[in-house]
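One file, input.txt, carrying compact mmCIF, C-alpha atoms and all ligand atoms:
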# COMPACT_ATOMS: atom_id res chain seq x y z
CA MET A 1 23.46 33.27 24.34
CA ALA A 2 22.05 34.37 27.74
CA PRO A 3 21.73 31.52 30.28
CA GLN A 4 18.29 29.87 30.38
CA THR A 5 16.11 30.26 33.46
CA ARG A 6 12.78 28.93 34.70
CA HIS A 7 12.00 32.41 36.02
CA TYR A 8 11.06 35.57 34.15
CA ARG A 9 13.91 38.03 33.78
CA ALA A 10 14.07 41.25 35.84
CA THR A 11 12.85 43.44 32.94
CA ALA A 12 9.84 41.16 32.33
CA ARG A 13 9.00 41.15 36.05
CA LEU A 14 9.34 44.93 36.30
CA LEU A 15 7.03 45.40 33.31
CA HIS A 16 4.55 42.84 34.69
CA TRP A 17 4.24 44.27 38.22
CA GLY A 18 4.48 47.92 37.10
CA MET A 19 1.74 47.42 34.53
CA ALA A 20 -0.39 45.44 37.01
CA ILE A 21 -0.42 48.46 39.35
CA LEU A 22 -1.17 50.88 36.49
CA LEU A 23 -3.96 48.68 35.06
CA ILE A 24 -5.71 48.07 38.37
CA GLY A 25 -5.43 51.80 39.15
CA LEU A 26 -6.88 52.65 35.72
CA ILE A 27 -9.82 50.28 36.17
CA ILE A 28 -10.64 51.61 39.66
CA ALA A 29 -10.20 55.27 38.62
CA GLY A 30 -12.23 54.59 35.44
CA PHE A 31 -15.25 53.24 37.31
CA ILE A 32 -15.06 56.02 39.94
CA MET A 33 -14.63 58.97 37.55
CA VAL A 34 -17.84 58.21 35.62
CA GLN A 35 -20.00 58.35 38.78
CA ASN A 36 -22.46 61.23 39.18
CA GLY A 37 -22.00 63.69 42.02
CA LEU A 38 -18.18 63.74 42.17
CA PRO A 39 -16.61 67.17 42.85
CA GLN A 40 -15.84 68.65 39.41
CA ALA A 41 -12.13 69.25 40.17
CA LEU A 42 -11.63 65.64 41.33
CA GLN A 43 -13.48 64.30 38.30
CA ASN A 44 -11.36 66.40 35.92
CA GLN A 45 -8.16 65.22 37.59
CA LEU A 46 -9.22 61.57 37.47
CA PHE A 47 -10.12 61.87 33.77
CA ALA A 48 -6.80 63.55 32.90
CA MET A 49 -4.79 60.95 34.85
CA HIS A 50 -6.84 58.10 33.36
CA LYS A 51 -6.24 59.26 29.78
CA ASN A 52 -2.52 59.93 30.22
CA ILE A 53 -1.75 56.74 32.17
CA GLY A 54 -3.92 54.77 29.74
CA LEU A 55 -1.73 55.91 26.86
CA LEU A 56 1.40 55.08 28.89
CA VAL A 57 0.02 51.53 29.21
CA LEU A 58 -0.24 51.33 25.42
CA VAL A 59 3.45 52.28 25.06
CA LEU A 60 4.46 49.82 27.80
CA VAL A 61 2.47 46.90 26.39
CA LEU A 62 4.07 47.38 22.96
CA LEU A 63 7.51 47.46 24.61
CA ARG A 64 6.58 44.37 26.61
CA LEU A 65 5.47 42.44 23.52
CA ALA A 66 8.69 43.39 21.71
CA TYR A 67 10.73 42.30 24.76
CA ARG A 68 8.80 39.02 24.94
CA MET A 69 9.52 38.25 21.28
CA VAL A 70 13.24 38.49 22.01
CA ASN A 71 12.99 36.84 25.46
CA PRO A 72 10.23 34.19 25.34
CA ALA A 73 8.41 33.16 28.54
CA PRO A 74 10.23 30.44 30.51
CA PRO A 75 8.79 26.91 30.20
CA LEU A 76 5.94 25.93 32.55
CA PRO A 77 6.53 23.07 35.01
CA ALA A 78 5.74 19.59 33.59
CA SER A 79 2.93 19.24 36.18
CA ILE A 80 0.75 21.72 34.24
CA SER A 81 -1.77 19.81 32.10
CA PRO A 82 -2.36 20.57 28.39
CA VAL A 83 -5.83 21.96 29.22
CA GLN A 84 -4.38 24.33 31.84
CA ARG A 85 -1.69 25.42 29.35
CA ARG A 86 -4.39 26.18 26.77
CA ILE A 87 -6.48 28.18 29.27
CA ALA A 88 -3.39 30.13 30.37
CA ALA A 89 -2.38 30.86 26.75
CA VAL A 90 -5.87 32.06 25.77
CA SER A 91 -6.32 34.24 28.88
CA HIS A 92 -2.84 35.77 28.55
CA ALA A 93 -3.41 36.52 24.83
CA SER A 94 -6.79 38.10 25.72
CA LEU A 95 -5.13 40.27 28.38
CA TYR A 96 -2.53 41.50 25.86
CA LEU A 97 -5.25 42.16 23.29
CA LEU A 98 -7.30 44.20 25.77
CA MET A 99 -4.24 46.11 26.99
CA ILE A 100 -3.87 47.31 23.39
CA ALA A 101 -7.58 47.69 22.54
CA MET A 102 -8.56 49.63 25.69
CA PRO A 103 -6.23 52.63 25.20
CA VAL A 104 -7.02 52.74 21.47
CA LEU A 105 -10.79 52.70 22.14
CA GLY A 106 -10.37 55.28 24.92
CA TYR A 107 -8.38 57.52 22.56
CA VAL A 108 -11.02 57.20 19.82
CA ARG A 109 -13.83 57.89 22.33
CA VAL A 110 -12.10 61.06 23.55
CA ARG A 111 -10.92 62.46 20.20
CA ALA A 112 -14.11 61.62 18.30
CA GLY A 113 -15.99 63.31 21.15
CA GLY A 114 -13.87 66.44 20.65
CA PHE A 115 -12.19 66.24 24.09
CA PRO A 116 -8.54 66.90 25.04
CA VAL A 117 -5.78 64.35 25.73
CA GLU A 118 -3.70 66.54 28.02
CA SER A 119 -0.24 64.96 27.54
CA LEU A 120 -0.51 64.75 23.74
CA ASP A 121 -1.94 68.28 23.53
CA ALA A 122 0.94 69.63 25.64
CA TRP A 123 3.41 68.08 23.16
CA GLY A 124 1.49 69.50 20.21
CA VAL A 125 0.49 66.05 18.86
CA PRO A 126 -2.52 66.63 16.59
CA ALA A 127 -5.73 64.60 16.99
CA LEU A 128 -5.62 61.61 14.63
CA ILE A 129 -9.41 61.38 14.48
CA ALA A 130 -12.01 63.92 13.40
CA LYS A 131 -14.95 64.74 15.66
CA SER A 132 -17.82 62.30 15.12
CA GLU A 133 -20.62 61.68 17.61
CA PRO A 134 -21.58 58.21 16.24
CA LEU A 135 -17.92 57.07 16.37
CA ALA A 136 -17.52 58.49 19.91
CA ALA A 137 -20.65 56.63 21.05
CA ALA A 138 -19.51 53.33 19.49
CA ALA A 139 -16.03 53.64 21.04
CA LYS A 140 -17.59 54.51 24.41
CA SER A 141 -19.71 51.33 24.35
CA ALA A 142 -16.76 49.18 23.25
CA HIS A 143 -14.48 50.75 25.91
CA TYR A 144 -17.12 49.96 28.54
CA ALA A 145 -17.57 46.35 27.35
CA GLY A 146 -13.77 45.96 27.26
CA ALA A 147 -13.54 47.33 30.82
CA LEU A 148 -15.95 44.65 32.08
CA LEU A 149 -14.12 41.89 30.20
CA LEU A 150 -10.71 43.12 31.36
CA THR A 151 -11.92 43.29 34.97
CA ALA A 152 -13.16 39.68 34.74
CA LEU A 153 -9.87 38.52 33.20
CA VAL A 154 -7.80 40.34 35.85
CA VAL A 155 -9.86 38.66 38.62
CA LEU A 156 -9.36 35.25 36.93
CA HIS A 157 -5.64 35.93 36.49
CA VAL A 158 -5.11 37.01 40.12
CA GLY A 159 -7.20 34.05 41.34
CA ALA A 160 -5.14 31.59 39.30
CA ALA A 161 -1.87 33.18 40.49
CA LEU A 162 -2.95 32.89 44.14
CA TYR A 163 -4.08 29.28 43.60
CA HIS A 164 -0.60 28.43 42.25
CA ALA A 165 1.11 30.37 45.05
CA LEU A 166 -0.91 29.16 48.05
CA VAL A 167 -2.45 25.79 47.10
CA LEU A 168 -0.39 24.11 44.37
CA ARG A 169 2.95 25.73 45.31
CA ASP A 170 4.31 24.49 41.97
CA GLY A 171 6.66 27.41 41.23
CA VAL A 172 4.37 29.07 38.65
CA PHE A 173 3.82 32.14 40.85
CA ALA A 174 7.45 32.22 41.97
CA ARG A 175 8.74 32.50 38.41
CA MET A 176 7.08 35.93 38.12
CA ALA A 177 7.68 36.91 41.76
CA THR A 178 11.40 36.19 42.10
CA GLY A 179 14.51 35.93 39.97
CA GLY A 180 15.45 32.31 40.69
CA ALA A 181 18.78 30.73 39.76
CA ARG A 182 20.29 30.63 36.25
CA ARG A 183 21.10 27.18 34.93
C1 LIG B 1 -5.49 49.98 29.52
C2 LIG B 1 -6.01 51.17 29.46
C3 LIG B 1 -7.37 51.55 29.97
C4 LIG B 1 -8.21 50.91 30.85
C5 LIG B 1 -7.99 49.59 31.57
C6 LIG B 1 -9.40 51.73 30.98
C7 LIG B 1 -10.47 51.43 31.81
C8 LIG B 1 -11.60 52.20 31.94
C9 LIG B 1 -12.71 51.92 32.82
C10 LIG B 1 -12.80 50.73 33.77
C11 LIG B 1 -13.64 52.88 32.65
C12 LIG B 1 -15.00 52.98 33.35
C13 LIG B 1 -16.04 52.22 32.57
C14 LIG B 1 -16.71 53.10 31.54
O1 LIG B 1 -17.59 53.85 31.89
O2 LIG B 1 -16.35 53.00 30.35
C15 LIG B 1 -13.13 53.81 31.66
C16 LIG B 1 -13.78 54.94 31.21
C17 LIG B 1 -13.23 55.86 30.35
N1 LIG B 1 -11.97 55.82 29.77
FE1 LIG B 1 -10.64 54.34 29.97
N2 LIG B 1 -9.26 52.85 30.19
C18 LIG B 1 -8.04 52.78 29.56
C19 LIG B 1 -7.49 53.71 28.71
C20 LIG B 1 -8.09 54.90 28.35
C21 LIG B 1 -7.49 55.91 27.49
C22 LIG B 1 -6.08 55.84 26.89
C23 LIG B 1 -8.40 56.90 27.36
C24 LIG B 1 -8.31 58.17 26.58
C25 LIG B 1 -7.23 58.67 26.01
C26 LIG B 1 -9.56 56.52 28.14
C27 LIG B 1 -10.70 57.27 28.25
C28 LIG B 1 -11.81 56.94 29.00
C29 LIG B 1 -13.01 57.76 29.07
C30 LIG B 1 -13.26 59.09 28.38
C31 LIG B 1 -13.89 57.07 29.92
C32 LIG B 1 -15.32 57.49 30.31
C33 LIG B 1 -16.25 56.83 29.32
C34 LIG B 1 -17.44 57.68 29.17
O3 LIG B 1 -18.39 57.49 29.95
O4 LIG B 1 -17.42 58.51 28.29
N3 LIG B 1 -9.33 55.31 28.72
N4 LIG B 1 -11.89 53.37 31.25
Write the structure described by the file as structure tokens, please.
Ligand code: HEM
Amino acid sequence: MAPQTRHYRATARLLHWGMAILLIGLIIAGFIMVQNGLPQALQNQLFAMHKNIGLLVLVLVLLRLAYRMVNPAPPLPASISPVQRRIAAVSHASLYLLMIAMPVLGYVRVRAGGFPVESLDAWGVPALIAKSEPLAAAAKSAHYAGALLLTALVVLHVGAALYHALVLRDGVFARMATGGARR
């Protein structure tokens, strides 16, 4: 069996920080690309990037969940109260749920609206959903609500991480930031 550690393994850290950059980029690009008055070429590029990177996030989050099943998260320090553990568990589960739901809703919004998904189209992957205006409108609303919720959760998550890193200095941030020693 692999030696136990109080830190996340390199693969988990790579997935965490890589996906953090992609997710924050997707959220920022998402809110910018829907603004009126953007140059058409820039808007088209932002939409294409948003859709393709959004689907990459879906693949990565499924890989990450599979990896996490085989390599569970290291134990939290004993100083973390049961209430804090509960809050962390619920917010992390919600983040995972939204990282799956957002690309799926985005895909449904685009395909039901009859729009392209450039990467899938280039590979000849057929649309899995028929065109339907009511479905596209429902997915659009749900994608928007999910975007607001995800943004709030990301802010909460970053705030909590900084609080652990700068105020509590209890090792919770370090276990995702560095490798630490095997024991
Ligand atoms: C984790 C993945 C994703 C995140 C965090 C995300 C986030 C966002 C955000 C913040 C917006 C702007 C808010 C809005 O107007 O709805 C947005 C809009 C949009 N997203 Fe995503 N998105 C993701 C994945 C996808 C995917 C995979 C697709 C399509 C394949 C997609 C398609 C769209 C479209 C078409 C819009 C414009 C909505 C409209 O006004 O029609 N998104 N997204």
Nearest-residue call for ligand LIG 1 (chain B), choices A:Leu135, A:Val108, A:Leu15, A:Val90, using all atoms listed in the file |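 Between A:Leu135, A:Val108, A:Leu15, A:Val90, the residue approaching ligand LIG 1 (chain B) most closely is A:Val108.
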Which chains and residue numbers are within 8 Å of ligand LIG 1 (chain B), counting only C-alpha atoms and all ligand atoms, if I want them as a PyMOL selection string? chain A and resi 23-24+26-34+47+50-58+98-111+117+140-141+143-148+150-151
**Message:** Could you check which residues have any atom within 9 Å of (-13.2, 36.7, 28.6), counting only C-alpha atoms with coordinates taken straight from the file, and then list them as a VMD selection string?
**Reply:** chain A and resid 91 94 to 95 149 to 150 152 to 153
Exercise. Using only C-alpha atoms, find the one residue out of A:Leu162, A:Ala139, A:Leu65, A:Ala174 that sits nearest to Ala93 (chain A).
Key: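 Ranking A:Leu162, A:Ala139, A:Leu65, A:Ala174 by distance to Ala93 (chain A), first place goes to A:Leu65.
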**Asked** Got a sec: who's within 12 Å of Leu14 (chain A), counting only C-alpha atoms, leaving out chain neighbours fewer than 3 positions off, as a PyMOL selection string?
**Response** chain A and resi 8-11+17-21+60+64+67+176-179
### Pick from A:Ser119, A:Ala137, A:Gly124, A:Ala160, whichever lies nearest to Ala48 (chain A) using only C-alpha atoms
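Checking each candidate against Ala48 (chain A), we get A:Ser119 as the closest.
Compared by their closest atoms to Ala73 (chain A), and using only C-alpha atoms, the residues A:Val155, A:Ala89, A:Val61, A:Leu22 rank with A:Ala89 nearest.
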| message | Using all atoms listed in the file for the distances, tell me which of A:Val59, A:Asn71, A:His92, A:Val83 is nearest to Val158 (chain A). | response |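 Closest to Val158 (chain A), using all atoms listed in the file: A:His92.
Of the listed residues A:Ala130, A:Leu97, A:Val154, A:Ala112, the one whose atoms come nearest to Leu62 (chain A) is A:Leu97, with distances taken using all atoms listed in the file.
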Correct to one decimal, the distance CA of Val70 (chain A)-CA of Ala12 (chain A) is 11.2 Å
- [ ] Take the point (13.0, 30.7, 37.8) in the file's coordinates, draw a sphere of radius 6 Å around it, and report as a PyMOL selection string every protein, DNA or RNA residue with an atom inside or on it, counting all atoms listed in the file.
- [x] chain A and resi 5-7+175+179-180
Take the residues that were just selected and, keeping C-alpha atoms, output them as an mmCIF file, in the frame of the given file.
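As a result, out-v6.cif now contains:
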data_model
loop_
_atom_site.group_PDB
_atom_site.id
_atom_site.type_symbol
_atom_site.label_atom_id
_atom_site.label_comp_id
_atom_site.auth_asym_id
_atom_site.auth_seq_id
_atom_site.Cartn_x
_atom_site.Cartn_y
_atom_site.Cartn_z
ATOM 1 C CA THR A 5 16.110 30.260 33.460
ATOM 2 C CA ARG A 6 12.780 28.930 34.700
ATOM 3 C CA HIS A 7 12.000 32.410 36.020
ATOM 4 C CA ARG A 175 8.740 32.500 38.410
ATOM 5 C CA GLY A 179 14.510 35.930 39.970
ATOM 6 C CA GLY A 180 15.450 32.310 40.690
#
CA of Ala127 (chain A) sits from CA of Gln35 (chain A) at a separation of 26.8 Å
Extending 3 Å beyond the listed atoms of region 35-44 of chain A on each side, what axis-aligned box results? I want centre and edge lengths in Å to one decimal, as lines of an AutoDock Vina configuration file.
center_x = -16.9
center_y = 63.8
center_z = 39.4
size_x = 17.1
size_y = 16.9
size_z = 12.9
Which value, in Å to one decimal, gives the distance between CA of Asn44 (chain A) and CA of Leu120 (chain A)?
->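 The value is 16.4 Å.
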